[in-house]
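What follows is the content of my_file_11.txt, which has compact mmCIF, C-alpha atoms:
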# COMPACT_ATOMS: atom_id res chain seq x y z
CA GLY T 1 -164.28 142.56 159.42
CA GLN T 2 -165.63 141.86 155.94
CA LEU T 3 -162.17 140.82 154.75
CA ALA T 4 -161.78 138.48 157.71
CA LEU T 5 -165.16 136.90 156.99
CA ALA T 6 -164.08 136.34 153.39
CA VAL T 7 -161.32 134.06 154.65
CA ALA T 8 -163.10 132.51 157.62
CA ILE T 9 -166.52 131.43 156.31
CA HIS T 10 -166.54 128.22 154.27
CA PRO T 11 -163.23 128.79 152.40
CA GLU T 12 -163.15 125.09 151.47
CA GLU T 13 -166.23 125.20 149.23
CA GLY T 14 -165.48 123.82 145.77
CA PHE T 15 -161.85 122.89 146.46
CA THR T 16 -160.94 119.34 145.48
CA ASN T 17 -157.42 119.45 146.98
CA HIS T 18 -155.95 120.91 150.14
CA SER T 19 -153.03 122.66 148.42
CA GLY T 20 -155.35 124.89 146.39
CA LEU T 21 -157.40 125.70 149.46
CA TYR T 22 -154.34 126.59 151.54
CA ALA T 23 -152.90 128.75 148.76
CA ALA T 24 -156.17 130.68 148.37
CA VAL T 25 -156.62 131.26 152.10
CA ILE T 26 -152.97 132.26 152.66
CA VAL T 27 -153.06 134.80 149.85
CA ALA T 28 -156.40 136.17 151.10
CA PHE T 29 -154.91 136.42 154.61
CA PHE T 30 -151.95 138.43 153.32
CA MET T 31 -154.43 140.70 151.57
CA LEU T 32 -156.17 141.20 154.91
CA VAL T 33 -152.87 142.06 156.63
CA GLY T 34 -151.91 144.43 153.83
CA MET T 35 -155.23 146.28 154.05
CA LYS T 36 -154.91 146.52 157.84
CA LEU T 37 -151.40 147.98 157.61
CA PHE T 38 -152.45 150.40 154.88
CA LEU T 39 -155.51 151.62 156.78
CA PHE T 40 -154.16 151.92 160.31
CA ASP T 41 -150.37 151.75 160.54
CA VAL T 42 -148.64 153.74 157.79
CA ASP T 43 -150.05 157.26 158.25
CA TYR T 44 -150.04 159.39 161.38
CA ILE T 45 -152.40 162.38 161.45
CA ASP T 46 -152.17 164.70 164.43
CA VAL T 47 -155.50 165.96 165.74
CA GLY T 48 -154.57 169.51 164.81
CA ASP T 49 -153.76 168.47 161.24
CA HIS T 50 -157.02 166.60 160.62
CA ALA T 51 -159.39 167.74 157.88
CA ILE T 52 -162.11 168.41 160.46
CA ARG T 53 -159.87 170.99 162.14
CA ARG T 54 -158.66 172.51 158.88
CA SER T 55 -161.84 174.15 157.55
CA VAL T 56 -165.58 173.62 157.18
CA GLY T 57 -165.16 172.59 153.54
CA THR T 58 -162.49 169.95 154.21
CA ALA T 59 -164.49 168.66 157.17
CA LEU T 60 -167.62 168.16 155.05
CA LEU T 61 -165.67 166.48 152.26
CA TRP T 62 -163.96 164.14 154.72
CA LEU T 63 -167.28 163.25 156.37
CA VAL T 64 -168.65 162.32 152.94
CA SER T 65 -165.58 160.48 151.64
CA TYR T 66 -164.79 158.44 154.76
CA PRO T 67 -168.02 156.35 154.77
CA ALA T 68 -167.63 155.83 151.02
CA GLY T 69 -164.10 154.50 151.59
CA VAL T 70 -165.29 152.16 154.34
CA GLY T 71 -168.03 150.91 152.01
CA CYS T 72 -165.41 150.17 149.35
CA VAL T 73 -163.40 148.15 151.88
CA ALA T 74 -166.51 146.08 152.63
CA LEU T 75 -167.02 145.50 148.90
CA VAL T 76 -163.36 144.46 148.56
CA GLY T 77 -164.00 141.86 151.26
CA SER T 78 -167.04 140.56 149.38
CA GLY T 79 -165.02 140.46 146.16
CA ILE T 80 -162.22 138.49 147.79
CA ALA T 81 -164.77 136.02 149.16
CA LEU T 82 -166.03 135.55 145.59
CA LEU T 83 -162.47 135.20 144.24
CA VAL T 84 -161.72 132.45 146.78
CA ARG T 85 -164.96 130.74 145.78
CA CYS T 86 -164.00 131.00 142.08
CA MET T 87 -160.58 129.49 142.82
CA GLY T 88 -162.29 126.40 144.16
CA GLY T 89 -164.81 126.27 141.33
CA GLY T 90 -167.71 126.69 143.72
CA SER T 91 -171.23 126.45 142.36
CA GLY T 92 -172.56 129.70 140.98
CA ALA T 93 -169.11 131.31 140.98
CA ASN T 94 -168.76 134.08 138.41
CA ASP T 95 -165.09 134.80 137.82
CA GLU T 96 -165.65 137.95 135.76
CA PHE T 97 -168.00 139.50 138.29
CA ALA T 98 -165.69 138.64 141.20
CA GLN T 99 -162.74 140.32 139.48
CA TRP T 100 -164.84 143.33 138.45
CA LEU T 101 -166.17 143.84 141.99
CA THR T 102 -162.80 143.43 143.69
CA CYS T 103 -160.81 145.58 141.25
CA THR T 104 -163.42 148.35 141.02
CA ALA T 105 -163.92 148.54 144.79
CA MET T 106 -160.17 148.45 145.48
CA SER T 107 -159.31 151.13 142.92
CA THR T 108 -162.15 153.37 144.18
CA PHE T 109 -160.93 152.91 147.75
CA LEU T 110 -157.38 153.90 146.76
CA LEU T 111 -158.63 157.03 144.99
CA ILE T 112 -160.86 158.01 147.93
CA SER T 113 -157.86 157.49 150.21
CA CYS T 114 -155.86 159.90 148.03
CA VAL T 115 -158.61 162.51 148.31
CA SER T 116 -158.77 162.06 152.09
CA ARG T 117 -155.01 162.51 152.42
CA CYS T 118 -155.23 165.77 150.45
CA LEU T 119 -157.89 167.08 152.84
CA HIS T 120 -155.58 166.85 155.88
CA TYR T 121 -152.57 169.02 156.48
CA VAL T 122 -149.42 167.17 155.45
CA PRO T 123 -148.11 165.68 158.74
CA TYR T 124 -145.61 167.92 160.58
CA THR T 125 -145.55 170.59 157.84
CA ARG T 126 -147.88 172.98 159.67
CA MET T 127 -145.68 172.82 162.76
CA LEU T 128 -142.50 173.22 160.70
CA THR T 129 -143.88 176.19 158.76
CA GLU T 130 -145.06 177.98 161.89
CA THR T 131 -141.56 177.63 163.40
CA HIS T 132 -139.77 178.79 160.21
CA HIS T 133 -138.44 175.43 158.99
CA GLU T 134 -139.78 175.89 155.46
CA ASP T 135 -137.09 173.84 153.67
CA GLN T 136 -137.77 170.76 155.77
CA ALA T 137 -141.52 171.26 155.30
CA LYS T 138 -141.00 171.33 151.51
CA THR T 139 -139.17 167.98 151.72
CA LEU T 140 -142.17 166.42 153.46
CA TYR T 141 -144.55 168.01 150.92
CA VAL T 142 -142.61 166.43 148.04
CA VAL T 143 -142.61 163.00 149.68
CA HIS T 144 -146.30 163.25 150.58
CA TYR T 145 -147.54 164.18 147.12
CA ALA T 146 -145.21 161.68 145.45
CA GLN T 147 -146.85 158.99 147.58
CA ILE T 148 -150.31 160.19 146.51
CA ALA T 149 -149.27 160.19 142.82
CA ILE T 150 -147.94 156.62 143.11
CA GLN T 151 -151.17 155.56 144.81
CA CYS T 152 -153.24 157.08 141.99
CA VAL T 153 -151.20 155.12 139.44
CA ALA T 154 -151.69 151.97 141.52
CA ALA T 155 -155.46 152.58 141.52
CA ILE T 156 -155.44 152.72 137.70
CA VAL T 157 -153.42 149.49 137.54
CA VAL T 158 -155.81 147.77 139.97
CA TYR T 159 -158.85 148.80 137.93
CA SER T 160 -157.27 147.60 134.68
CA LEU T 161 -156.42 144.24 136.25
CA GLN T 162 -159.89 142.90 135.46
CA PHE T 163 -159.12 143.22 131.73
CA TRP T 164 -155.83 141.29 131.83
CA ASN T 165 -157.39 137.87 131.19
CA VAL T 166 -155.89 136.33 134.35
CA SER T 167 -157.33 133.83 136.83
CA SER T 168 -158.89 134.72 140.16
CA PHE T 169 -155.84 133.42 141.99
CA GLN T 170 -153.51 135.53 139.85
CA THR T 171 -155.72 138.56 140.43
CA LEU T 172 -155.52 138.11 144.18
CA VAL T 173 -151.73 137.60 144.07
CA VAL T 174 -151.27 140.83 142.07
CA LEU T 175 -153.53 142.72 144.49
CA VAL T 176 -151.49 141.47 147.44
CA GLY T 177 -148.31 142.61 145.68
CA ILE T 178 -149.75 146.06 144.99
CA MET T 179 -150.95 146.47 148.59
CA THR T 180 -147.54 145.42 149.91
CA PHE T 181 -145.88 147.92 147.56
CA LEU T 182 -148.20 150.73 148.71
CA VAL T 183 -147.54 149.94 152.38
CA VAL T 184 -143.80 150.28 151.72
CA VAL T 185 -144.30 153.50 149.72
CA ASN T 186 -146.40 155.03 152.48
CA LEU T 187 -143.65 154.33 155.02
CA ILE T 188 -141.16 156.51 153.14
CA ASP T 189 -142.19 159.71 154.97
CA GLU T 190 -141.61 157.98 158.31
CA LEU T 191 -138.16 156.87 157.10
CA VAL T 192 -137.38 160.46 156.07
CA LEU T 193 -138.42 161.71 159.50
CA LEU T 194 -136.24 159.15 161.24
CA ASN T 195 -133.19 159.05 158.97
CA ASP T 196 -132.85 162.55 157.51
CA PRO T 197 -131.01 164.50 160.25
CA HIS T 198 -132.13 167.90 158.94
CA VAL T 199 -135.82 166.97 158.94
CA HIS T 200 -135.58 165.08 162.23
CA ASP T 201 -133.78 167.90 164.05
CA ALA T 202 -136.18 170.48 162.60
CA CYS T 203 -139.19 168.48 163.85
CA VAL T 204 -137.68 168.18 167.33
CA ASP T 205 -136.90 171.89 167.43
CA ALA T 206 -140.37 172.79 166.12
CA ASP T 207 -142.06 170.55 168.68
CA GLN T 208 -140.10 172.17 171.50
CA LYS T 209 -140.96 175.68 170.28
CA MET T 210 -144.64 174.79 169.93
CA SER T 211 -144.65 173.30 173.43
CA ARG T 212 -143.09 176.45 174.91
CA SER T 213 -145.56 178.68 173.08
CA LYS T 214 -148.62 176.92 174.52
CA PRO T 215 -150.25 178.86 177.37
CA LYS T 216 -149.71 177.34 180.79
CA HIS T 217 -152.69 176.89 183.06
CA HIS T 218 -152.00 177.85 186.65
CA GLN T 219 -153.77 175.96 189.35
CA HIS T 220 -155.19 178.07 192.17
CA PRO T 221 -154.91 176.66 195.66
Output the structure of this file as structure tokens.
Amino acid sequence: GQLALAVAIHPEEGFTNHSGLYAAVIVAFFMLVGMKLFLFDVDYIDVGDHAIRRSVGTALLWLVSYPAGVGCVALVGSGIALLVRCMGGGSGANDEFAQWLTCTAMSTFLLISCVSRCLHYVPYTRMLTETHHEDQAKTLYVVHYAQIAIQCVAAIVVYSLQFWNVSSFQTLVVLVGIMTFLVVVNLIDELVLLNDPHVHDACVDADQKMSRSKPKHHQHP
């Protein structure tokens, strides 16, 4: 919501030409779409694999980290609103502060997201391990932690962006590129599940075994 407001409320302030305004709003919109995909569409966590179900410690850590991550997303939205204002040369616009706020909030959000992902079971691995498909589970472990490592590197790059001596528009373009890259990286595990026949068949077999092992509830007339 905060990201949407950054684009929707008075984006024209300070802009002397329509082309600059359109460029700023379009880039900010792509940032919004990238954040939405990253937050909601690239990772699937089964209820049984969630940190809350894993242990008391992981549950408490997730309950602390999740609000902090949401707060960072709100700050990213505020930072983008300031970046758009700086692009138009709006009154009172502080380019350095806008870049600092956006880059710091975004990098913190990415790191918190990495921590949250470590708190959950790696998707499908618990089911694969319980049904003796350890090799396929190891493949998913490698992909999962490689994604987290790449995301940590991206967080460092995002934080350092404020020191690159670039304009607000260039900052926003780089952030959009990084978010797009991370969305693609975080889809790799889904591609492995769909396209690797060994992993795919193991998941199907494991799901069938888990379904058969669940106790059946008989209805009494």
For this session: Name the residues in contact with region 112-128 of chain T at a cut-off of 8 Å, using all atoms listed in the file, excluding same-chain residues fewer than 4 positions from it; report them as a PyMOL selection string.
Result: chain T and resi 44-46+49-51+54+58+61-62+65-66+68-69+108+132-134+136-138+140-141+144+148+151-152+202-203+206-207+210
For this session: Quick one: pull the distance between CA of Asn195 (chain T) and CA of Thr180 (chain T), Å, one decimal.
Result: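 A separation of 21.8 Å between them.
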Exercise. Hey, which of T:Asp135, T:Leu83, T:Glu130, T:Met35 ends up closest to Val199 (chain T)? Count only C-alpha atoms.
Worked result: T:Asp135
Exercise. If I put a ball of radius 9 Å at (-162.6, 148.2, 133.8) in the file's coordinates, which residues poke into it when counting all atoms listed in the file, written as a ChimeraX atom specification?
Worked result: /T:100,103-104,159-163
Problem set entry | Pairwise distance for CA of Ala23 (chain T) and CA of Val185 (chain T), rounded to one decimal in Å | 26.2 Å
Problem set entry | Between CA of Trp164 (chain T) and CA of Leu187 (chain T), distance in Å (one decimal) | 29.3 Å
Exercise. Out of T:Leu175, T:Leu60, T:Ile188, T:Met31, which residue has the shortest atom-to-atom distance to Ala155 (chain T) when counting only C-alpha atoms?
Worked result: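 Of T:Leu175, T:Leu60, T:Ile188, T:Met31, the one nearest Ala155 (chain T) is T:Leu175, counting only C-alpha atoms.
Of the residues under consideration (T:Ala98, T:Ser107, T:Asn165, T:Gln208), T:Ala98 shows the shortest atom-to-atom contact distance to Val84 (chain T) when counting only C-alpha atoms.
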Problem set entry | Shortest interatomic distance to Met87 (chain T) - which of T:Thr102, T:Ser167, T:Ser55, T:Asn186, counting only C-alpha atoms |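 Ranked by minimum distance to Met87 (chain T), first place goes to T:Ser167.
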Would you compute an axis-aligned box for region 55-70 of chain T, covering every atom listed for it in the file with 5 Å of margin on each side, and report centre and edge lengths in Å to one decimal as AutoDock Vina command-line options?
--center_x -165.2 --center_y 163.2 --center_z 154.3 --size_x 16.8 --size_y 32.0 --size_z 16.5
Problem set entry | For Phe97 (chain T), the nearest of the candidates T:Ala154, T:Ile80, T:Leu111, T:Val174, counting all atoms listed in the file |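 Under the stated criterion, the closest residue is T:Ile80.
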